[in-house]
Amino acid sequence: MAELNVDPYADLYARRTSGMSASEVRALFAVASRPEVVSLAGGMPYVQGIPQEDVFDVVAHVVSEQASTALQYGGGQGMPALRERLAMLMHEEGTEADPEDMVVTTGAQQALDLVGKVLIDPGDEIVVEAPSYVGALSAFSAYEPRFVQIELDDNGMVVERLEEALVKGARPKFVYTVPNFHNPAGVTMSTARREQLVALCREAHIPIVEDNPYGLLRFEGRSEPTLRSMDPQNVIYLGTVSKVFSPGLRVGWALAEPGVLQRMILAKEAADLCGSSFTMLVTERYLSGGRWRKNLQGLVDVYRSRRDAMLAALDEHFPDDATWTLPAGGFFVWVTLPGYFDTQAMLAAAVERRVAYVPGTAFHPDGRGRDKMRLAFCYPTEDDIVEGVRRLGALLADEEELYRSLSG
Amino acid sequence: MSERIAVLAGGRSPEREVSLRSGHRVMTALVSKGYDAFVLDPAEEPLVELLSAARVSACYVALHGKEGEDGTVQRLIELLGIPYTGTRPLACHVTFDKVLAKEALAGAGVSTPPWVTVEASALRDLSAGPILHHVAERVGLPAVVKPSRAGSAMGLSFAERESDLPGAVMSALSFADAVVVERKIEGTEVAAAMVGSPDEPLPLVEIVPKSGVFDYAARYTAGATEYYAPARVSPEVAAACHREAAQAFRTLGLRDVSRADIMIDSRGTPWVVDVNVSPGMTDTSLLPMSAQSAGISFPDLCERVLQLALARA
């Protein structure tokens, strides 16, 4: 009678891996990514919207003119010329940024990891929104924090709830927020809430981590000031070129005060020495001149039409007692269903009907969100969006019928 | 020239990922044994067209879940006249459908926990929801609620109280049109595998999930479950398990390879809770562990199963 040694490392794993396990939902996504399935799940940018000749042009330039730099290691902070372009992107949203205060990261996702690495000790409290970006929850989880979740409404984080949590004794290391076109909730933090949040955090000496991947993808209305522009000393700002250019290049950045920045650069060097010189040069070249602006406008137009298609389809096909957010930009609509729905359990049936979404539970560290789902309108065509929402609507109607019968 | 073997893996079922893992491992093992094996994913490639053109000596079926385990693929391969590993279409159809399999097993006197079938159509069309009260009375609580046609514990949940039943039934119905509500047997969980014939049992594997529940995560996360082979049970209990398993395999008409999942209650009575047409062949799967503890390496196991198919050529 021997214990079988399935995994010789079983007793060696660090505690932080305890949440890293196989899951049914992940397995279902392996099927959901099949071409016959209309996926309203993934937040993949519509990279086909970038003209091929522009890509060819910038890559050809890098290869022919800058090959020796492109193929070489670079500094841990990232190329100065690129940082200037990234500062220019921030200027578009009215935020002044000194390229010296910036570290270029492998996507904003690495910046999230570096923030966790630099600021979180096991057991520390950190504030996240409920719901919150799943990638941030994963990145932070590795550093074993305790999550304090603050709910959102149509105007973003409900700052009063944060205040209450602080009064009750919460002492978070930082507050993490996606203020613009939230992932997954689609909502944007109002000016008043921004002022409230910035003032509260300044007073309580709690830094804010502002994650702003979607800010330049505004479909209508005026843009809100970034939190960073309202309080540079107390805000660590994270940006990315994934949504304005390409996620395949893995170029993101963090902007922070010198002490934090220094540690983030050192942590980044420890993780990967430096980012990809090649993709940094490609990005720098792409952001030079005026083409990026024209292309971005084209992307915004496409995303706006897709958002409109999704909202119209939801109106037509979803049950009357379902509600959803009305995003003014970005990629996502967040749907709230009547409480008896379990979107995680329902995913298999959805995939069977050739449509996929992300269950709300993915965006909470504690199993909340069973009656919610995230729908992404960024990638599928308008026709596919309408068809996908129709399929989901039919499924919801059947589920409701089942529920009515079961609750007799 | 070495024999050309198509390892069928992937497919469109929720167990696609598991199947791809099984398939790649089987393919590598067969290549190491000198076969010209390749993976064929019916979701990616036109199965019939490719098999007609590829001149394969046999198919190794490493598909899991719908289409792969319910006889659909097996029927196609039979029409093409290609030998394949595992069970024939009708027996696949019955075994994969827990509603039919439970009936067959109980009818043949195999020890299987009391159960009730609940169909989605009854709930939707006949407003039969209030029947759940009778289900709870008949089966007893706590109960296990399983989709009729699914694998890897997907869609499975437990109902401790009657009030848990509606949610559990709805979850399971996400995977199938009917659910089996079965009395939950507390005790030791073991797997009994067969390769060749029901009369050649492999050692029982005892399953001890660290979380207490052998769910999807416990099955496919290395290190999440402890396994003991042979199982830490008395020779009498082991013999009883093998008897029930063999009887189940024979009753359902399983061929070449199969695995029965058994709960042993506190009195040492084995209860067959599931029988698998196409047991997992991943690095955390039970059949390979059972073979390993009998001194059969993974490549040897794959070759042995394949040879059974080739012998039918």
# chains A, B, ... in the order shown; residues from 1 in each chain; ligands from 1
>>> interface_residues(of="chain A", to="chain B", cutoff="9 Å", atoms="only C-alpha atoms", output="PyMOL selection string")
chain A and resi 1-11+20-24+27-31+34+340+342+344-352+398-399+401-408
>>> write_last_selection(atoms="N, CA and C atoms", output="short mmCIF file (atom, residue, chain, number, x, y, z; two decimals), in the first residue's frame")
data_model
loop_
_atom_site.label_atom_id
_atom_site.label_comp_id
_atom_site.auth_asym_id
_atom_site.auth_seq_id
_atom_site.Cartn_x
_atom_site.Cartn_y
_atom_site.Cartn_z
N MET A 1 0.84 -1.20 0.00
CA MET A 1 0.00 0.00 0.00
C MET A 1 0.87 1.25 0.00
N ALA A 2 1.03 1.77 -1.17
CA ALA A 2 1.94 2.90 -1.31
C ALA A 2 1.18 4.13 -1.75
N GLU A 3 1.59 5.26 -1.20
CA GLU A 3 0.99 6.48 -1.72
C GLU A 3 1.64 6.75 -3.06
N LEU A 4 0.82 7.02 -4.05
CA LEU A 4 1.35 7.28 -5.39
C LEU A 4 1.86 8.70 -5.45
N ASN A 5 3.05 8.81 -5.99
CA ASN A 5 3.65 10.13 -6.06
C ASN A 5 3.28 10.79 -7.39
N VAL A 6 2.07 11.33 -7.45
CA VAL A 6 1.60 11.93 -8.70
C VAL A 6 2.40 13.17 -9.02
N ASP A 7 2.65 13.95 -7.99
CA ASP A 7 3.38 15.20 -8.19
C ASP A 7 4.48 15.27 -7.13
N PRO A 8 5.73 14.99 -7.52
CA PRO A 8 6.80 14.95 -6.53
C PRO A 8 7.02 16.30 -5.84
N TYR A 9 6.45 17.35 -6.40
CA TYR A 9 6.61 18.68 -5.80
C TYR A 9 5.50 19.03 -4.82
N ALA A 10 4.54 18.07 -4.68
CA ALA A 10 3.31 18.39 -3.95
C ALA A 10 3.56 19.06 -2.60
N ASP A 11 4.59 18.62 -1.88
CA ASP A 11 4.82 19.18 -0.54
C ASP A 11 5.72 20.40 -0.55
N MET A 20 -3.98 28.53 -7.04
CA MET A 20 -3.72 28.25 -8.46
C MET A 20 -4.12 26.81 -8.75
N SER A 21 -5.35 26.61 -9.22
CA SER A 21 -5.78 25.23 -9.46
C SER A 21 -6.59 25.15 -10.75
N ALA A 22 -6.72 23.93 -11.22
CA ALA A 22 -7.56 23.69 -12.40
C ALA A 22 -8.99 24.08 -12.06
N SER A 23 -9.76 24.52 -13.03
CA SER A 23 -11.15 24.83 -12.73
C SER A 23 -12.05 24.49 -13.90
N GLU A 24 -13.29 24.18 -13.51
CA GLU A 24 -14.30 23.83 -14.49
C GLU A 24 -14.53 24.98 -15.47
N ALA A 27 -11.87 25.16 -17.98
CA ALA A 27 -12.03 24.07 -18.95
C ALA A 27 -13.11 24.42 -19.98
N LEU A 28 -14.17 25.06 -19.51
CA LEU A 28 -15.24 25.43 -20.44
C LEU A 28 -14.75 26.48 -21.44
N PHE A 29 -13.85 27.35 -20.99
CA PHE A 29 -13.33 28.36 -21.91
C PHE A 29 -12.51 27.75 -23.03
N ALA A 30 -11.95 26.55 -22.77
CA ALA A 30 -11.21 25.86 -23.84
C ALA A 30 -12.17 25.54 -24.99
N VAL A 31 -13.43 25.28 -24.66
CA VAL A 31 -14.43 25.01 -25.70
C VAL A 31 -14.97 26.34 -26.23
N ARG A 34 -13.56 28.03 -29.28
CA ARG A 34 -13.74 27.42 -30.59
C ARG A 34 -14.46 28.39 -31.52
N TYR A 340 -31.87 34.48 -8.57
CA TYR A 340 -31.86 33.01 -8.62
C TYR A 340 -30.96 32.48 -9.73
N ASP A 342 -27.55 31.53 -11.58
CA ASP A 342 -26.18 31.23 -11.22
C ASP A 342 -25.38 31.16 -12.52
N GLN A 344 -22.31 31.03 -13.16
CA GLN A 344 -21.20 30.09 -13.24
C GLN A 344 -21.73 28.71 -13.62
N ALA A 345 -22.80 28.31 -12.97
CA ALA A 345 -23.39 27.00 -13.27
C ALA A 345 -23.98 26.97 -14.68
N MET A 346 -24.42 28.13 -15.16
CA MET A 346 -25.12 28.19 -16.44
C MET A 346 -24.16 28.21 -17.64
N LEU A 347 -22.85 28.42 -17.35
CA LEU A 347 -21.91 28.61 -18.46
C LEU A 347 -21.85 27.40 -19.40
N ALA A 348 -21.93 26.20 -18.83
CA ALA A 348 -21.86 24.99 -19.67
C ALA A 348 -23.01 24.98 -20.67
N ALA A 349 -24.19 25.34 -20.20
CA ALA A 349 -25.36 25.36 -21.09
C ALA A 349 -25.19 26.43 -22.15
N ALA A 350 -24.58 27.54 -21.79
CA ALA A 350 -24.35 28.61 -22.76
C ALA A 350 -23.39 28.14 -23.85
N VAL A 351 -22.30 27.50 -23.43
CA VAL A 351 -21.32 27.03 -24.39
C VAL A 351 -21.94 25.97 -25.30
N GLU A 352 -22.80 25.13 -24.72
CA GLU A 352 -23.52 24.14 -25.51
C GLU A 352 -24.37 24.83 -26.59
N ASP A 398 -35.23 29.94 -20.79
CA ASP A 398 -35.38 28.54 -20.40
C ASP A 398 -35.03 28.33 -18.93
N GLU A 399 -33.97 28.99 -18.50
CA GLU A 399 -33.54 28.86 -17.10
C GLU A 399 -34.61 29.41 -16.16
N GLU A 401 -37.77 29.49 -16.73
CA GLU A 401 -38.87 28.53 -16.70
C GLU A 401 -38.56 27.39 -15.72
N LEU A 402 -37.31 26.91 -15.79
CA LEU A 402 -36.88 25.85 -14.87
C LEU A 402 -37.02 26.30 -13.43
N TYR A 403 -36.54 27.52 -13.19
CA TYR A 403 -36.57 28.04 -11.83
C TYR A 403 -38.00 28.15 -11.32
N ARG A 404 -38.89 28.68 -12.17
CA ARG A 404 -40.29 28.84 -11.76
C ARG A 404 -40.86 27.48 -11.37
N SER A 405 -40.52 26.46 -12.16
CA SER A 405 -41.03 25.13 -11.85
C SER A 405 -40.45 24.62 -10.53
N LEU A 406 -39.13 24.79 -10.38
CA LEU A 406 -38.46 24.25 -9.19
C LEU A 406 -38.87 24.97 -7.92
N SER A 407 -39.21 26.26 -8.05
CA SER A 407 -39.57 26.99 -6.84
C SER A 407 -41.07 26.89 -6.58
N GLY A 408 -41.72 26.14 -7.50
CA GLY A 408 -43.11 25.76 -7.39
C GLY A 408 -44.01 26.77 -6.74
#
>>> residues_around(residues="A:Cys201", least_positions_apart="5", cutoff="12 Å", atoms="only C-alpha atoms", output="list in words")
Val127, Val159, Glu160, Leu162, Glu163, Leu166, Arg171, Pro172, Lys173, Phe174, Val175, Tyr176, Arg193, Arg194, Glu195, Gln196, Ile206, Pro207, Ile208, Val209, Leu227, Met230, Asp231, Gln233, Asn234 and Val235 of chain A
>>> write_last_selection(atoms="N, CA and C atoms", output="tab-separated table (two decimals), in the first residue's frame")
chain	number	residue	atom	x	y	z
A	127	VAL	N	-7.57	47.41	-0.88
A	127	VAL	CA	-8.94	47.68	-1.30
A	127	VAL	C	-9.06	47.45	-2.80
A	159	VAL	N	-17.55	55.70	-2.67
A	159	VAL	CA	-16.47	56.11	-1.76
A	159	VAL	C	-16.94	56.11	-0.30
A	160	GLU	N	-18.24	56.37	-0.09
A	160	GLU	CA	-18.77	56.32	1.30
A	160	GLU	C	-18.51	54.95	1.93
A	162	LEU	N	-16.07	52.98	1.27
A	162	LEU	CA	-14.65	52.92	1.62
A	162	LEU	C	-14.41	53.65	2.94
A	163	GLU	N	-15.05	54.80	3.04
A	163	GLU	CA	-14.89	55.59	4.26
A	163	GLU	C	-15.38	54.78	5.47
A	166	LEU	N	-12.90	52.24	6.44
A	166	LEU	CA	-11.75	52.82	7.16
A	166	LEU	C	-12.14	53.14	8.60
A	171	ARG	N	-7.19	49.04	7.32
A	171	ARG	CA	-5.94	49.80	7.11
A	171	ARG	C	-5.26	49.31	5.84
A	172	PRO	N	-5.87	49.60	4.70
A	172	PRO	CA	-5.34	49.03	3.45
A	172	PRO	C	-4.01	49.66	3.04
A	173	LYS	N	-3.18	48.84	2.39
A	173	LYS	CA	-1.92	49.34	1.86
A	173	LYS	C	-2.17	50.27	0.68
A	174	PHE	N	-3.19	49.96	-0.12
A	174	PHE	CA	-3.55	50.84	-1.23
A	174	PHE	C	-4.98	50.56	-1.67
A	175	VAL	N	-5.49	51.46	-2.49
A	175	VAL	CA	-6.82	51.29	-3.08
A	175	VAL	C	-6.63	51.10	-4.57
A	176	TYR	N	-7.10	49.97	-5.09
A	176	TYR	CA	-6.96	49.70	-6.52
A	176	TYR	C	-8.27	50.02	-7.23
A	193	ARG	N	-17.04	61.73	-7.38
A	193	ARG	CA	-16.47	60.56	-6.70
A	193	ARG	C	-14.94	60.60	-6.74
A	194	ARG	N	-14.41	61.05	-7.87
A	194	ARG	CA	-12.95	61.16	-7.98
A	194	ARG	C	-12.41	62.11	-6.92
A	195	GLU	N	-13.08	63.26	-6.80
A	195	GLU	CA	-12.62	64.25	-5.82
A	195	GLU	C	-12.70	63.67	-4.41
A	196	GLN	N	-13.82	62.99	-4.17
A	196	GLN	CA	-14.04	62.37	-2.86
A	196	GLN	C	-12.96	61.34	-2.55
A	206	ILE	N	-3.41	56.79	2.21
A	206	ILE	CA	-3.50	55.51	1.50
A	206	ILE	C	-3.30	55.79	0.01
A	207	PRO	N	-2.27	55.25	-0.58
A	207	PRO	CA	-2.07	55.50	-2.01
A	207	PRO	C	-3.16	54.84	-2.86
A	208	ILE	N	-3.38	55.45	-4.03
A	208	ILE	CA	-4.34	54.90	-4.99
A	208	ILE	C	-3.55	54.29	-6.14
A	209	VAL	N	-3.95	53.10	-6.57
A	209	VAL	CA	-3.39	52.53	-7.79
A	209	VAL	C	-4.46	52.68	-8.87
A	227	LEU	N	-7.12	60.38	-11.84
A	227	LEU	CA	-6.84	60.54	-10.41
A	227	LEU	C	-5.41	61.05	-10.24
A	230	MET	N	-5.06	64.62	-10.36
A	230	MET	CA	-5.63	65.30	-9.21
A	230	MET	C	-4.73	65.23	-7.99
A	231	ASP	N	-3.89	64.22	-7.93
A	231	ASP	CA	-3.00	64.09	-6.78
A	231	ASP	C	-1.79	63.23	-7.13
A	233	GLN	N	1.20	62.92	-6.11
A	233	GLN	CA	2.02	62.28	-5.08
A	233	GLN	C	1.40	60.98	-4.56
A	234	ASN	N	0.08	60.93	-4.58
A	234	ASN	CA	-0.58	59.80	-3.92
A	234	ASN	C	-1.16	58.77	-4.88
A	235	VAL	N	-0.86	58.92	-6.17
A	235	VAL	CA	-1.45	57.99	-7.14
A	235	VAL	C	-0.37	57.30	-7.97
>>> select_by_dssp(residues="stretch 125-226 of chain A", states="helix (DSSP H, G or I)", output="ChimeraX atom specification")
/A:134-141,159-167,191-204
>>> select_by_dssp(residues="stretch 180-275 of chain A", states="strand (DSSP E)", output="list in words")
Ile208, Val209, Glu210, Asp211, Val235, Ile236, Tyr237, Leu238, Gly239, Thr240, Gly252, Trp253, Ala254 and Leu255 of chain A
>>> residues_around(residues="B:Gly109", least_positions_apart="2", cutoff="12 Å", atoms="only C-alpha atoms", output="compact mmCIF listing (two decimals) with N, CA and C atoms, in the first residue's frame")
# COMPACT_ATOMS: atom_id res chain seq x y z
N LYS B 102 -27.55 3.56 -14.66
CA LYS B 102 -28.02 3.21 -13.32
C LYS B 102 -29.11 2.14 -13.41
N GLU B 103 -30.02 2.32 -14.36
CA GLU B 103 -31.09 1.34 -14.55
C GLU B 103 -30.49 -0.04 -14.85
N ALA B 104 -29.54 -0.06 -15.79
CA ALA B 104 -28.93 -1.32 -16.20
C ALA B 104 -28.21 -1.98 -15.02
N LEU B 105 -27.45 -1.18 -14.28
CA LEU B 105 -26.67 -1.73 -13.16
C LEU B 105 -27.59 -2.28 -12.08
N ALA B 106 -28.57 -1.47 -11.70
CA ALA B 106 -29.48 -1.91 -10.64
C ALA B 106 -30.24 -3.16 -11.08
N GLY B 107 -30.63 -3.17 -12.36
CA GLY B 107 -31.37 -4.32 -12.90
C GLY B 107 -30.56 -5.60 -12.83
N SER B 111 -24.41 -3.30 -6.98
CA SER B 111 -24.66 -2.40 -5.86
C SER B 111 -24.42 -0.95 -6.29
N THR B 112 -25.50 -0.19 -6.40
CA THR B 112 -25.38 1.22 -6.78
C THR B 112 -26.36 2.01 -5.91
N PRO B 113 -26.00 3.20 -5.45
CA PRO B 113 -26.85 3.89 -4.47
C PRO B 113 -28.24 4.19 -5.03
N ARG B 243 -15.44 -7.46 -7.45
CA ARG B 243 -16.62 -8.21 -7.91
C ARG B 243 -17.68 -7.27 -8.49
N GLU B 244 -17.97 -6.21 -7.74
CA GLU B 244 -19.00 -5.28 -8.21
C GLU B 244 -18.57 -4.61 -9.52
N ALA B 245 -17.29 -4.23 -9.58
CA ALA B 245 -16.79 -3.55 -10.77
C ALA B 245 -16.89 -4.47 -11.99
N GLN B 247 -18.81 -6.99 -12.43
CA GLN B 247 -20.22 -7.18 -12.76
C GLN B 247 -20.75 -5.96 -13.52
N ALA B 248 -20.31 -4.77 -13.10
CA ALA B 248 -20.74 -3.55 -13.79
C ALA B 248 -20.19 -3.53 -15.22
N ARG B 250 -19.32 -6.02 -17.09
CA ARG B 250 -19.99 -7.03 -17.91
C ARG B 250 -21.40 -6.60 -18.27
N THR B 251 -22.11 -6.08 -17.27
CA THR B 251 -23.51 -5.67 -17.49
C THR B 251 -23.61 -4.62 -18.58
N TRP B 271 -20.27 0.60 -3.27
CA TRP B 271 -21.37 1.12 -4.09
C TRP B 271 -20.77 1.70 -5.36
N VAL B 272 -21.19 1.19 -6.51
CA VAL B 272 -20.68 1.71 -7.78
C VAL B 272 -21.41 3.03 -8.07
>>> residues_around(residues="stretch 60-72 of chain B", least_positions_apart="3", cutoff="6 Å", atoms="only C-alpha atoms", output="list in words")
Val7, Leu8, Ala9, Ser13, Glu15, Ser19, Gly23, Arg75, Tyr84, Thr85, Pro89, Cys92, His93, Phe96, Ala150, Gly151 and Val277 of chain B
>>> closest_residue(among="A:Ile236, A:Cys378, A:Val333, A:Leu314", to="A:Asp301", atoms="only C-alpha atoms")
A:Cys378
>>> residues_around(residues="A:Val251", least_positions_apart="6", cutoff="8 Å", atoms="only C-alpha atoms", output="list in words")
Val104, Thr105, Thr106, Gly107, Ala108, Thr240, Val241, Ser242, Thr279, Met280 and Thr283 of chain A
>>> residues_around(residues="B:Lys146", least_positions_apart="2", cutoff="6 Å", atoms="only C-alpha atoms", output="list of chain:residue names")
B:Leu156, B:Ala172, B:Val179, B:Val180
>>> residues_around(residues="A:Asp308", least_positions_apart="6", cutoff="10 Å", atoms="only C-alpha atoms", output="ChimeraX atom specification")
/A:302,314,326-327,377,382
>>> atom_distance(atom1="atom CA of A:Val118", atom2="atom CA of A:Pro99")
20.5 Å
>>> atom_distance(atom1="atom CA of A:Thr323", atom2="atom CA of A:Thr336")
5.2 Å
